[in-house]
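To keep things clear, I will list the structure first and then write my remarks on it.
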Amino acid sequence: MLKRVHFNTKLLPFLLVAPQIIITLVFFFWPASQALFQSLRIEDAFGLSSQFVWFDNFKELIADPNYLEAFSRTAEFSILVAAIAMLSALLLAAMADRIVKGALAYRTMLIWPYAIAPVIAGALWVFMFDPTLGIFVYALDALGIDWNYKLNGGQAMTLVILAAAWKQIAYNFLFFVAAMQSIPKSLIEAAAIDGAGPWRRFWTIVLPLISPTTFFLLVVNVVYAFFDTFGIIDSMTQGGPASNTEILVYKVYYDGFVGLDLGSSAAQSVILMAIVIALTVVQFRYIERKVDY
Amino acid sequence: MKLTNIIAGALTATAMTGLALSAQATTTIQWWHAMGGANGERVNKIAADFNASQSEYKVVPTNKGNYTETMTAAVAAFRANKQPDLVQVFEVGTATMMAAKGAVYPVYQLMKDEGESFDINAYLPAVVSYYETTDGKLLSMPFNSSTPVLWYNKDAFKKAGITKVPATWDEMKTASEKLVASGTKCGFTFGWQSWVMVENYSAWNNLPIGTEQNGFAGLDTKFTFNNDAVKNRLQSIYDWSKDGLFKYGGRRGDSLSMFTNGECGMWLNSSAYYGSIKSQAKFDFGQALLPLDSEVAKAPQNSIIGGATLWVLKGKPKENYKGVALFLKYLSSPKVQAWWHQETGYVPITTAAYELSKKQGFYKTNPGTDTAIKELSLNAPTPNSRGLRFGNFVQIRDIINEEMENIWAGKKTASQAMDDAAARGDKLLRKFQKANK
């Protein structure tokens with residue numbers, strides 16, 4: 001007979017999940033509740049006087065046309081960053097997957113940008129595209145483009161989108177390559193014997209088989225565009241010119257840490273939190289249905 | 001990134017206080033500042049010299065990043081009860097600091113409590129007036145102050161045949177036309193545009209930028225910089241930009257390279273860029289008084305300062321404050337001030353330091369370096385030219401920057417942009433008033 005070990009069944013499960021729960025409480029629920037609490041107050045910078053104002057901070061935000069503009073700007077920014085980063089990574093992965101010679105070297109080179117901190121990435125792009133000093137600006141000048149992203153909002157937006165997307169391509173590439181490698185070779189070969197060209201093989205076999213990865217990357221990229229692009233924007237444009245590159249997360253930082261307006265900043269972060277929760281729910285409810293595991 | 005910085009900073013600060021306490025009996029005074037690079041080393045030298053001059057107190061300077069980061073770090077530290085004794089805060093943070101009555105220890109009060117002699121008349125009026133209460137009591141100790149001047153490229157002027165440095169905006173236009181005609185890419189550009197083109201433009205031409213004596217007299221203030229003088233001037237500059245007479249080069253000092261690489265013949269920005277221009281420009285340059293708007297005023301009033309002051313924070317042990325008082329006295333002594341002024345291009349804060357620099361022949365060997373002091377002390381400051389004191393001004397200044405960028409990009413007329421800036425700014429003033437009842 002097998003010896004049965006008896007655990008205190010009431011306590012043990014709680015003990016085992018305790019570390020995870022404590023981490024979630026301390027690093028998520030506690031700060032989030034603080035944000036909720038702050039968002040209902042107006043306070044001076046030093047915290048010497050503070051008033052409870054119910055939803056005044058939110059009302060002010062909704063009435064502020066600049067805040068509403070930041071919304072559509074963030075949507076534009078996030079969609080473009082996610083789309084460019086994912087499509088380029090997919091293209092690169094599809095090509096890297098077909099290479100036989102020196103595949104490792106190509107892959108390593110393509111993964112490199114991922115190791116670069118966002119602020120450094122921003123600084124690199126600034127050096128290349130500085131209106132007075134940038135190398136690429138000479139080329140743009142020769143093409144007759146009057147490049148000055150410090151004045152032209154459209155150019156500034158293009159630049160931060162490209163930099164943010166470039167930074168994320170490596171990450172996406174890594175996952176796409178791994179996903180493509182896990183597709184059994186026999187499937188591809190069978191299709192090739194049946195006369196399917198590379199494009200058809202990609203479209204009908206590879207793409208559906210990597211759809212779980214694509215879905216995962218979609219969620220990750222949207223979250224990335226919403227939050228992690230802060231460093232790039234801070235080092236490149238600080239939200240300018242005018243407020244043409246001020247996305248929601250940058251505004252949270254700016255109003256809270258630069259403007260020392262904690263109430264409004266907290267209210268914005270609560271709104272941002274709600275948006276990301278909503279987006280994730282939508283992605284899992286509606287898009288995941290189309291994914292085959 | 002910012003958060004980890006703050007946490008790391010707080011940790012090191014705590015660790016350092018702990019170490020200092022256990023290692024020696026001297027009282028440690030924490031000084032947080034925003035001076036990087038060469039100026040950071042000069043700050044360290046001032047502290048080291050003070051420490052060597054006596055044995056009871058030890059001043060420990062710590063760089064906390066740029067101006068906004070330093071202020072935010074001090075605010076966060078105060079909320080966590082880990083504040084430094086002394087913190088450097090830039091001039092636009094003045095109203096925020098002043099309103100925090102429970103957090104700051106006014107300098108005049110400190111000197112009185114510690115029984116140190118302190119004569120406000122020894123300081124340059126245009127420098128201290130920015131940081132005084134309406135009845136002339138000094139709240140924070142001026143440390144690094146500068147004022148905008150007109151920088152010009154002497155070589156480009158020669159090439160263009162300009163013999164007289166522009167003194168009015170009309171002359172700015174003719175000089176720019178000559179520069180562009182002689183092959184310079186643009187006539188002039190400027191940096192810190194809200195400070196130079198709105199705040200100082202108004203003071204120089206003796207116009208208010210807000211009610212209640214530019215905010216000195218109370219929190220119930222409204223902006224008036226959306227007046228015809230400012231609007232017309234900005235509109236004309238935009239119109240000139242179509243002919244290349246003006247080119248916008250970004251916020252803060254971003255446009256420095258446009259001046260130092262010869263792209264623009266003139267640059268309106270802080271006198272404190274002296275060191276940078278000297279090391280970067282490969283041409284002969286000079287500095288002159290700001291141009292006057294002859295359509296608005298007959299003669300220039302005086303310019304206002306930018307830069308930062310040192311604020312004493314409350315909540316430290318009693319014995320620290322004696323040390324802080326002694327250090328502030330040391331800092332404003334003529335010898336230290338004259339050295340700081342000559343090394344950095346910031347203006348000296350006392351008349352004695354100015355006289356000492358004169359006596360040492362500094363202005364003879366470095367012509368033009370007294371332009372800033374001349375501008376500041378041109379006339380006794382009026383309520384329009386004493387400075388400004390608006391709550392939330394860090395954000396408001398960026399709103400003005402944004403709206404000005406809308407003018408340069410041709411998205412709004414100057415009139416529309418200034419009206420919008422004033423309306424958006426007024427909202428933040430009301431918010432500040434509400435939070436600081």
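Going by the structure tokens order, chains are called A, B, ..., each with residues numbered from 1, while ligands are numbered from 1 in the order shown.
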
At most 6 Å to chain A: residues in chain B, only C-alpha atoms, as a PyMOL selection string: chain B and resi 68+75+250+395+402+405+435

List the neighbours of A:Ala266 out to 9 Å using only C-alpha atoms; skip same-chain residues closer than 2 positions along the sequence, and give me the result as a VMD selection string. chain A and resid 34 to 40 57 252 256 261 to 264 268 to 271

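Pairwise distance (atom CA of B:Trp311, atom CA of B:Ala325) equals 11.5 Å.
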
DSSP on the backbone: what in stretch 42-273 of chain A comes out helix (DSSP H, G or I), as a ChimeraX atom specification? /A:56-63,65-98,103-115,118-129,135-142,153-181,185-193,198-209,211-228,230-236,248-258,262-273

Using only C-alpha atoms, determine which residues lie at most 9 Å from A:Ile120, disregarding the query and same-chain residues fewer than 5 positions distant; provide the list as a PDB file with all heavy atoms, in the first residue's frame.
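Everything below was put into selection_9.pdb:
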ATOM      1  N   TRP A 125      17.910  57.674 -32.319  1.00  0.00           N
ATOM      2  CA  TRP A 125      17.069  58.231 -33.386  1.00  0.00           C
ATOM      3  C   TRP A 125      17.171  59.747 -33.415  1.00  0.00           C
ATOM      4  O   TRP A 125      17.134  60.366 -34.476  1.00  0.00           O
ATOM      5  CB  TRP A 125      15.617  57.767 -33.215  1.00  0.00           C
ATOM      6  CG  TRP A 125      15.443  56.362 -33.676  1.00  0.00           C
ATOM      7  CD1 TRP A 125      15.839  55.233 -33.020  1.00  0.00           C
ATOM      8  CD2 TRP A 125      14.896  55.918 -34.916  1.00  0.00           C
ATOM      9  NE1 TRP A 125      15.553  54.123 -33.769  1.00  0.00           N
ATOM     10  CE2 TRP A 125      14.959  54.501 -34.934  1.00  0.00           C
ATOM     11  CE3 TRP A 125      14.324  56.577 -36.011  1.00  0.00           C
ATOM     12  CZ2 TRP A 125      14.497  53.745 -36.007  1.00  0.00           C
ATOM     13  CZ3 TRP A 125      13.850  55.819 -37.082  1.00  0.00           C
ATOM     14  CH2 TRP A 125      13.942  54.412 -37.072  1.00  0.00           C
ATOM     15  N   GLY A 231       9.786  56.044 -22.326  1.00  0.00           N
ATOM     16  CA  GLY A 231      11.200  56.422 -22.396  1.00  0.00           C
ATOM     17  C   GLY A 231      11.574  56.998 -23.745  1.00  0.00           C
ATOM     18  O   GLY A 231      12.324  57.977 -23.837  1.00  0.00           O
ATOM     19  N   ILE A 232      11.040  56.402 -24.807  1.00  0.00           N
ATOM     20  CA  ILE A 232      11.344  56.884 -26.155  1.00  0.00           C
ATOM     21  C   ILE A 232      10.813  58.302 -26.345  1.00  0.00           C
ATOM     22  O   ILE A 232      11.515  59.186 -26.834  1.00  0.00           O
ATOM     23  CB  ILE A 232      10.752  55.904 -27.205  1.00  0.00           C
ATOM     24  CG1 ILE A 232      11.590  54.631 -27.210  1.00  0.00           C
ATOM     25  CG2 ILE A 232      10.715  56.541 -28.584  1.00  0.00           C
ATOM     26  CD1 ILE A 232      11.119  53.578 -28.154  1.00  0.00           C
ATOM     27  N   SER A 235      12.783  60.884 -24.248  1.00  0.00           N
ATOM     28  CA  SER A 235      14.115  61.246 -24.724  1.00  0.00           C
ATOM     29  C   SER A 235      14.074  61.903 -26.093  1.00  0.00           C
ATOM     30  O   SER A 235      15.006  62.598 -26.473  1.00  0.00           O
ATOM     31  CB  SER A 235      15.024  60.016 -24.751  1.00  0.00           C
ATOM     32  OG  SER A 235      14.488  59.051 -25.619  1.00  0.00           O
TER      33      SER A 235
END
